[in-house]
2 protein chains.
Amino acid sequence: MSSQAPHPALLIPGPIEFDDEVLQSMSHYSESHVGAPFVNTFGEVLGMLRKLFITEDPKSQPFVISGSGTLGWDQVAANLVEPGDDVLVLHTGYFADSFADCFETYGIKPTQLKAPIGDRPQQDEVEKALKEKNYKLISITHTDTSTGVLSEIKGIADLVHRVSPDTLVIVDGVCSVGCEEIRFDDWKLDCVITASQKAIGCPAGLSIVMASGRAIERFKARKTPPGSYFGSWKNWLPIMQNYEAKKPSYFATPPPQLIHALHTSLTQILSKPLEERFKIHHETSQKVKKAIADLGLKQLASKPENQANGMTAIYLPEGMTPPAILPTLMKKGVIFAGGLHKEIATKYVRFGHMGVSVTDPKRDDIDRALKALGEGLKEVGYEAPNGKA
Amino acid sequence: MSSQAPHPALLIPGPIEFDDEVLQSMSHYSESHVGAPFVNTFGEVLGMLRKLFITEDPKSQPFVISGSGTLGWDQVAANLVEPGDDVLVLHTGYFADSFADCFETYGIKPTQLKAPIGDRPQQDEVEKALKEKNYKLISITHTDTSTGVLSEIKGIADLVHRVSPDTLVIVDGVCSVGCEEIRFDDWKLDCVITASQKAIGCPAGLSIVMASGRAIERFKARKTPPGSYFGSWKNWLPIMQNYEAKKPSYFATPPPQLIHALHTSLTQILSKPLEERFKIHHETSQKVKKAIADLGLKQLASKPENQANGMTAIYLPEGMTPPAILPTLMKKGVIFAGGLHKEIATKYVRFGHMGVSVTDPKRDDIDRALKALGEGLKEVGYEAPNGKA
C-alpha cells in the first residue's frame, strides 16, 4: 500500500506521479553538502546519469544543478556559444520559442525553423537551413511538451554531422529523458538538457545536463567568459568532477534531499534494462493513442512518427474547452493539463504517461485515466463514434 | 521522538538541522504546479515571506525560485543594474569576492571596500567611498558565512539614504534571514536575497528574494533587457504576482515539495513573534561565544558588535588544523564545518547555531556541541586555560 496520502493521479506532462521510496528520500535528514556521506551519494548520482544517457565516453560530463529544466537552456546559451554566434532552433512548439528567447538574452542570434502545429521540420528543410549559415549549434526539442510532437534525434544528428560537422547538436530532453530512447555516444550528441520531474521520476528542482567531450572543449575554448554566473560551467565543472571523484568541493550549495531522491529514482530506473523502459513507454503510449482514436479524437501530432511516447496532446471535440472537461476528470481522480501552445490553447488537453504510472504494475493510473476520459466526455455531452465513449 | 533516522547533529552554517514536520512536507505527493491546491500553497508562502521580512508595503515583491542562494546574486546583477554600472561591494569575507565576480559576469563594475579579516568596513570609510562614484547599488553581506562577521545593516542603510539616496541597498541575507533582525520597510532596504537551508530551516534548493517597490521600479526602467533568462524578473515577476493572487501561471516549473516544506517552516517560524526568534538566537550565540572564550579560543570576528548570532567562526589552538578536530567531533555526534576564507582556511572551524537546534526546547544540539568541543579539544591534546576543557 502506498505511503502517500490519497490524491488524484497526476497525469500531466510533468511533474509526474512519484514512487513512494523516491518521496521518502526527500525526507532524508540533513547532511553537510561537503561531508563524505553526501559527497558519495552525489558522486553515485553523476555516475548513474552516464548510464541513463547511455554514454561510456569518459569525456562526457554530467551536471546536476539546483534549478528547473529551464536553467539548462541558460547553461547552453551562456557556456556553449558566444555573443554574436548564430544558432539554429528547430521549432515543434512553445518551448522552441522560449529557448530562442533564452539565446537572445545572451546575445546569441537564433534562427527558428518552424513547422505547422503538430508537425516537425523535415530533413530536407533542416539540411537547407544548415547550409545557409555557419551555425555554432542546433537545438532540437525531443518532445515538445506543448504539442506532444516528437523529434527524430538520431536522424537530425546524423544529418548535422554530415552537412555541418562543426555544429554542436543540442537536445532539449526535458520531456524525453527517461522515456524516449536517447543514445548519447552512438548518436554523437553534444548536450542533452533535462529536468528531474518528468520521466526521471524525481520531484522538481534539478536541472540535469549531459555534455560531450567536444562540448566541454568548445566551452574551454571560449574567447569571452560565460554569460551567466549561477549557470557558469567555469564555476560548476570542477565541482561536478570533484563530486564524481568523491571529493568535497564548493561553489553553491546543492540540494541534498533532491539529490537523494534522484539517487533513489535512478537506482530504480537502472535496475532494469533501459530498452524495457523505452518499450513499455512506447506500448503504453500506443494504447493511449488507440483509445483516443477510438473516442473519435485527434492528436495535435497527426503523424504516428511525430508522436511522443511520454505524453499525448489531444484535441477536444469541436467547441469544447479544457474547463469543460478537466474538472470532470478531476472528480474521477485524474489530472490532465490544459493546452499550452498559445494559438490553440483552448482547444486541447495534455495527458502525460511517464514514469511509475506506466512502469509500476501495481498502479492502474493509465487505465483509470482512459476510463475517466471516456466517461467524462460522455457526461459533458460528447457522443463518441460507434458508442465507444 | 523524532521521525528522522539517528544522525549526527549538523551544526555547520547551513544546511542546518530540519524539523521533522518540515522534512515530512518534502514527501508531499505530486501536485500540478498550476493546480489550485499548489497555487494556494505557493501564494501563502509568498504572503508569509512578507511577514518574515517585516514588510507591509504592498509594493514589496517576494520571489521564490528553484536554485541555491547564489541565484539571488544573479537576480540582483542581471535585473537591478545594467552593463557599465558601478556598484559598491562591502567586503567582510569570501562571499563578497564571489558576489563581485557575479557582478562582473553581467558587465557591472564592482568596487570592493575591504576590511581586515574578522572586521567590517567602517561607516566613515563607506561614506567616503559612496562620495567617490555614482554607485547604482551597494551590497552588504549581513553575515559572511566564511568569517562569521555581522554587518550593521540599519546603520549602513541609513548612511546610504543620507549620503547617496539613489543607491539601492542590497543585503545578502543568506546566513541571516530567520535569525538576525531585518526590518525591510523600516530600514528602507531595496533587496534582500537569501536561501532556504539556513535560518529559514527548509532544505536547500530555493533562492528567496524580497525586492522593494523602488527596486521593482528601477528594474522596470531598465534600458537594456535583463542579463539572465532563468533569473530574469521579466519572466518571474508576473508569475510571482499571479501565484500570490492565487492564479495559475507558468514560466518554469517550481519545485512543489520544497515549496511545501517552506510553507511548513514559515508557518512554524511565524507562529511566534519574530522578536522572540531573534532573542533566542542572540542568547544562544552569546552562550556559545562565552564557552569559546572560556576554552581560551578566539573568534575570527574579534569585536562583539561584529559577531553574527547564527554562527561562530572559531580559531583553533595554534598549530591545530580542522582535520585534527572535526573527525573527533563527528565521533561525538556533532558536525562543524572547516574554514572557508582562503587565506586562513586551515586555522579555524565554523559552528552554525540557527533554527531548530536553537529554538526547539526538545533538542540539546548546542549543549552537546559545546561539550563535544571541550572534550574533543582535550582529547587531541589541547589544554584550555583554567582547566575548562
# chains A, B, ... in the order shown; residues from 1 in each chain; ligands from 1
$ closest_atom_pairs --of "stretch 193-310 of chain A" --to "stretch 338-357 of chain A" --cutoff "8 Å" --atoms "only C-alpha atoms" --output "tab-separated table"
residue	atom	partner	partner_atom	distance
A:Lys198	CA	A:Met354	CA	7.0
A:Ala199	CA	A:Gly355	CA	5.1
A:Ile200	CA	A:Gly355	CA	6.9
A:Gly201	CA	A:Gly355	CA	5.8
A:His281	CA	A:Met354	CA	6.9
A:Thr284	CA	A:His353	CA	7.6
A:Ser285	CA	A:His353	CA	7.1
A:Asn309	CA	A:His353	CA	7.7
A:Gly310	CA	A:His353	CA	5.0
$ interface_residues --of "chain A" --to "chain B" --cutoff "8 Å" --atoms "only C-alpha atoms" --output "ChimeraX atom specification"
/A:4-5,7,10,12,14-18,23-33,65-71,74,101-102,105-106,203-205,225-230,252-257
$ residues_around --residues "stretch 45-61 of chain B" --least-positions-apart "4" --cutoff "7 Å" --atoms "only C-alpha atoms" --output "PDB file with all heavy atoms, in the first residue's frame"
ATOM      1  N   THR B  41      -0.933  27.013  -1.968  1.00  0.00           N
ATOM      2  CA  THR B  41       0.211  26.841  -1.062  1.00  0.00           C
ATOM      3  C   THR B  41       1.315  27.848  -1.394  1.00  0.00           C
ATOM      4  O   THR B  41       1.874  28.503  -0.507  1.00  0.00           O
ATOM      5  CB  THR B  41       0.774  25.401  -1.188  1.00  0.00           C
ATOM      6  OG1 THR B  41      -0.264  24.486  -0.839  1.00  0.00           O
ATOM      7  CG2 THR B  41       1.969  25.188  -0.281  1.00  0.00           C
ATOM      8  N   ILE B 182      15.910  41.807  10.721  1.00  0.00           N
ATOM      9  CA  ILE B 182      15.886  42.513   9.435  1.00  0.00           C
ATOM     10  C   ILE B 182      14.514  43.157   9.320  1.00  0.00           C
ATOM     11  O   ILE B 182      13.501  42.458   9.348  1.00  0.00           O
ATOM     12  CB  ILE B 182      16.103  41.553   8.242  1.00  0.00           C
ATOM     13  CG1 ILE B 182      17.488  40.906   8.313  1.00  0.00           C
ATOM     14  CG2 ILE B 182      15.934  42.301   6.912  1.00  0.00           C
ATOM     15  CD1 ILE B 182      17.774  39.936   7.187  1.00  0.00           C
ATOM     16  N   ARG B 183      14.491  44.467   9.225  1.00  0.00           N
ATOM     17  CA  ARG B 183      13.219  45.201   9.098  1.00  0.00           C
ATOM     18  C   ARG B 183      13.205  45.882   7.744  1.00  0.00           C
ATOM     19  O   ARG B 183      13.717  46.981   7.577  1.00  0.00           O
ATOM     20  CB  ARG B 183      13.085  46.211  10.245  1.00  0.00           C
ATOM     21  CG  ARG B 183      13.099  45.540  11.600  1.00  0.00           C
ATOM     22  CD  ARG B 183      12.817  46.463  12.771  1.00  0.00           C
ATOM     23  NE  ARG B 183      12.685  45.647  13.968  1.00  0.00           N
ATOM     24  CZ  ARG B 183      11.564  45.006  14.322  1.00  0.00           C
ATOM     25  NH1 ARG B 183      10.473  45.136  13.604  1.00  0.00           N
ATOM     26  NH2 ARG B 183      11.548  44.256  15.404  1.00  0.00           N
ATOM     27  N   PHE B 184      12.631  45.161   6.788  1.00  0.00           N
ATOM     28  CA  PHE B 184      12.721  45.560   5.386  1.00  0.00           C
ATOM     29  C   PHE B 184      12.163  46.961   5.140  1.00  0.00           C
ATOM     30  O   PHE B 184      12.823  47.794   4.516  1.00  0.00           O
ATOM     31  CB  PHE B 184      11.984  44.520   4.532  1.00  0.00           C
ATOM     32  CG  PHE B 184      12.266  44.619   3.065  1.00  0.00           C
ATOM     33  CD1 PHE B 184      13.419  44.068   2.526  1.00  0.00           C
ATOM     34  CD2 PHE B 184      11.385  45.261   2.202  1.00  0.00           C
ATOM     35  CE1 PHE B 184      13.693  44.153   1.170  1.00  0.00           C
ATOM     36  CE2 PHE B 184      11.641  45.351   0.841  1.00  0.00           C
ATOM     37  CZ  PHE B 184      12.800  44.796   0.332  1.00  0.00           C
ATOM     38  N   ASP B 185      10.969  47.227   5.659  1.00  0.00           N
ATOM     39  CA  ASP B 185      10.348  48.550   5.450  1.00  0.00           C
ATOM     40  C   ASP B 185      11.049  49.621   6.282  1.00  0.00           C
ATOM     41  O   ASP B 185      11.454  50.662   5.757  1.00  0.00           O
ATOM     42  CB  ASP B 185       8.865  48.519   5.854  1.00  0.00           C
ATOM     43  CG  ASP B 185       7.992  47.799   4.838  1.00  0.00           C
ATOM     44  OD1 ASP B 185       8.537  47.327   3.815  1.00  0.00           O
ATOM     45  OD2 ASP B 185       6.779  47.688   5.077  1.00  0.00           O
ATOM     46  N   MET B 210      13.460  39.278  -1.531  1.00  0.00           N
ATOM     47  CA  MET B 210      12.441  40.306  -1.315  1.00  0.00           C
ATOM     48  C   MET B 210      12.961  41.592  -1.948  1.00  0.00           C
ATOM     49  O   MET B 210      14.086  42.019  -1.663  1.00  0.00           O
ATOM     50  CB  MET B 210      12.189  40.525   0.181  1.00  0.00           C
ATOM     51  CG  MET B 210      11.069  41.520   0.477  1.00  0.00           C
ATOM     52  SD  MET B 210       9.427  40.968  -0.072  1.00  0.00           S
ATOM     53  CE  MET B 210       9.083  39.679   1.133  1.00  0.00           C
ATOM     54  N   ALA B 211      12.161  42.169  -2.832  1.00  0.00           N
ATOM     55  CA  ALA B 211      12.556  43.411  -3.506  1.00  0.00           C
ATOM     56  C   ALA B 211      11.593  44.522  -3.115  1.00  0.00           C
ATOM     57  O   ALA B 211      10.395  44.285  -2.928  1.00  0.00           O
ATOM     58  CB  ALA B 211      12.544  43.214  -5.019  1.00  0.00           C
ATOM     59  N   SER B 212      12.106  45.730  -3.004  1.00  0.00           N
ATOM     60  CA  SER B 212      11.254  46.879  -2.655  1.00  0.00           C
ATOM     61  C   SER B 212      10.529  47.396  -3.891  1.00  0.00           C
ATOM     62  O   SER B 212      10.915  47.103  -5.032  1.00  0.00           O
ATOM     63  CB  SER B 212      12.120  48.003  -2.091  1.00  0.00           C
ATOM     64  OG  SER B 212      12.927  48.554  -3.117  1.00  0.00           O
ATOM     65  N   GLY B 213       9.502  48.205  -3.665  1.00  0.00           N
ATOM     66  CA  GLY B 213       8.828  48.858  -4.779  1.00  0.00           C
ATOM     67  C   GLY B 213       9.816  49.676  -5.606  1.00  0.00           C
ATOM     68  O   GLY B 213       9.755  49.702  -6.834  1.00  0.00           O
ATOM     69  N   GLU B 244       0.706  34.757  -5.967  1.00  0.00           N
ATOM     70  CA  GLU B 244       0.239  35.375  -4.720  1.00  0.00           C
ATOM     71  C   GLU B 244      -1.247  35.735  -4.814  1.00  0.00           C
ATOM     72  O   GLU B 244      -1.958  35.735  -3.810  1.00  0.00           O
ATOM     73  CB  GLU B 244       1.090  36.607  -4.368  1.00  0.00           C
ATOM     74  CG  GLU B 244       0.968  36.940  -2.886  1.00  0.00           C
ATOM     75  CD  GLU B 244       2.001  37.948  -2.412  1.00  0.00           C
ATOM     76  OE1 GLU B 244       2.869  38.350  -3.207  1.00  0.00           O
ATOM     77  OE2 GLU B 244       1.926  38.333  -1.226  1.00  0.00           O
ATOM     78  N   HIS B 263       6.576  26.194   3.268  1.00  0.00           N
ATOM     79  CA  HIS B 263       5.295  26.578   3.865  1.00  0.00           C
ATOM     80  C   HIS B 263       5.254  26.121   5.327  1.00  0.00           C
ATOM     81  O   HIS B 263       4.876  26.886   6.236  1.00  0.00           O
ATOM     82  CB  HIS B 263       4.146  25.950   3.067  1.00  0.00           C
ATOM     83  CG  HIS B 263       2.783  26.451   3.439  1.00  0.00           C
ATOM     84  ND1 HIS B 263       2.101  25.997   4.553  1.00  0.00           N
ATOM     85  CD2 HIS B 263       1.974  27.363   2.854  1.00  0.00           C
ATOM     86  CE1 HIS B 263       0.931  26.618   4.630  1.00  0.00           C
ATOM     87  NE2 HIS B 263       0.826  27.457   3.611  1.00  0.00           N
ATOM     88  N   LEU B 266       7.865  28.202   7.413  1.00  0.00           N
ATOM     89  CA  LEU B 266       7.429  29.587   7.661  1.00  0.00           C
ATOM     90  C   LEU B 266       6.255  29.619   8.639  1.00  0.00           C
ATOM     91  O   LEU B 266       6.163  30.514   9.485  1.00  0.00           O
ATOM     92  CB  LEU B 266       7.052  30.276   6.342  1.00  0.00           C
ATOM     93  CG  LEU B 266       8.220  30.578   5.402  1.00  0.00           C
ATOM     94  CD1 LEU B 266       7.703  31.092   4.052  1.00  0.00           C
ATOM     95  CD2 LEU B 266       9.184  31.591   6.017  1.00  0.00           C
TER      96      LEU B 266
END
$ atom_distance --atom1 "atom CA of A:Ile170" --atom2 "atom CA of A:Asp190"
5.8 Å
$ closest_residue --among "B:Ala301, B:Val126, B:Pro238, B:Val288" --to "B:Ala369" --atoms "only C-alpha atoms"
B:Val288
$ select_by_dssp --residues "stretch 148-345 of chain B" --states "strand (DSSP E or B)" --output "PyMOL selection string"
chain B and resi 149-150+168-172+177+180+191-195+206-211+299+307+311-315+334-335+337-338
$ closest_residue --among "B:Lys220, B:Lys136, B:Lys279, B:Lys128" --to "B:Gly84" --atoms "only C-alpha atoms"
B:Lys136
$ atom_distance --atom1 "atom CA of B:Asp85" --atom2 "atom CA of B:Lys133"
10.4 Å
$ residues_around --residues "A:Asp166" --least-positions-apart "6" --cutoff "10 Å" --atoms "only C-alpha atoms" --output "PDB file with N, CA, C and O atoms, in the first residue's frame"
ATOM      1  N   ASN A 134      26.665  29.642 -40.859  1.00  0.00           N
ATOM      2  CA  ASN A 134      27.588  28.881 -40.024  1.00  0.00           C
ATOM      3  C   ASN A 134      26.998  28.801 -38.614  1.00  0.00           C
ATOM      4  O   ASN A 134      27.256  29.651 -37.777  1.00  0.00           O
ATOM      5  N   TYR A 135      26.166  27.792 -38.394  1.00  0.00           N
ATOM      6  CA  TYR A 135      25.525  27.661 -37.089  1.00  0.00           C
ATOM      7  C   TYR A 135      26.464  26.984 -36.091  1.00  0.00           C
ATOM      8  O   TYR A 135      26.958  25.889 -36.356  1.00  0.00           O
ATOM      9  N   LYS A 136      26.665  27.629 -34.954  1.00  0.00           N
ATOM     10  CA  LYS A 136      27.541  27.053 -33.931  1.00  0.00           C
ATOM     11  C   LYS A 136      26.873  25.877 -33.240  1.00  0.00           C
ATOM     12  O   LYS A 136      27.531  24.975 -32.757  1.00  0.00           O
ATOM     13  N   LEU A 137      25.545  25.931 -33.178  1.00  0.00           N
ATOM     14  CA  LEU A 137      24.832  24.779 -32.634  1.00  0.00           C
ATOM     15  C   LEU A 137      23.429  24.731 -33.206  1.00  0.00           C
ATOM     16  O   LEU A 137      22.907  25.727 -33.716  1.00  0.00           O
ATOM     17  N   VAL A 160      23.271  16.555 -39.318  1.00  0.00           N
ATOM     18  CA  VAL A 160      24.162  17.644 -38.898  1.00  0.00           C
ATOM     19  C   VAL A 160      25.616  17.208 -39.026  1.00  0.00           C
ATOM     20  O   VAL A 160      26.454  17.946 -39.555  1.00  0.00           O
ATOM     21  N   ARG A 214      33.381  17.000 -26.702  1.00  0.00           N
ATOM     22  CA  ARG A 214      33.502  18.068 -27.692  1.00  0.00           C
ATOM     23  C   ARG A 214      32.865  19.361 -27.186  1.00  0.00           C
ATOM     24  O   ARG A 214      33.402  20.453 -27.382  1.00  0.00           O
TER      25      ARG A 214
END
$ decode --residues "stretch 293-325 of chain A" --atoms "C-alpha atoms" --output "compact mmCIF listing (two decimals), in the first residue's frame"
# COMPACT_ATOMS: atom_id res chain seq x y z
CA ALA A 293 -8.68 7.47 -31.76
CA ASP A 294 -11.45 5.07 -30.70
CA LEU A 295 -13.07 8.00 -28.91
CA GLY A 296 -13.06 9.81 -32.24
CA LEU A 297 -10.50 12.35 -31.03
CA LYS A 298 -7.44 13.61 -32.86
CA GLN A 299 -3.95 14.37 -31.62
CA LEU A 300 -2.00 17.56 -32.26
CA ALA A 301 0.78 15.32 -33.55
CA SER A 302 -1.02 13.93 -36.55
CA LYS A 303 1.60 11.57 -37.99
CA PRO A 304 2.47 8.43 -36.00
CA GLU A 305 6.22 9.06 -36.33
CA ASN A 306 5.76 12.54 -34.81
CA GLN A 307 4.03 11.28 -31.68
CA ALA A 308 5.80 11.35 -28.32
CA ASN A 309 5.80 8.22 -26.18
CA GLY A 310 5.57 10.03 -22.85
CA MET A 311 2.55 12.23 -23.47
CA THR A 312 -0.37 12.81 -25.80
CA ALA A 313 -1.81 16.19 -26.76
CA ILE A 314 -5.48 15.61 -27.55
CA TYR A 315 -7.79 17.94 -29.48
CA LEU A 316 -11.10 18.23 -27.64
CA PRO A 317 -14.34 17.73 -29.57
CA GLU A 318 -15.30 20.79 -31.63
CA GLY A 319 -16.50 23.59 -29.35
CA MET A 320 -15.37 22.00 -26.08
CA THR A 321 -12.72 23.78 -23.99
CA PRO A 322 -10.48 22.40 -21.22
CA PRO A 323 -12.54 23.94 -18.36
CA ALA A 324 -15.50 21.89 -19.61
CA ILE A 325 -13.75 18.55 -19.10
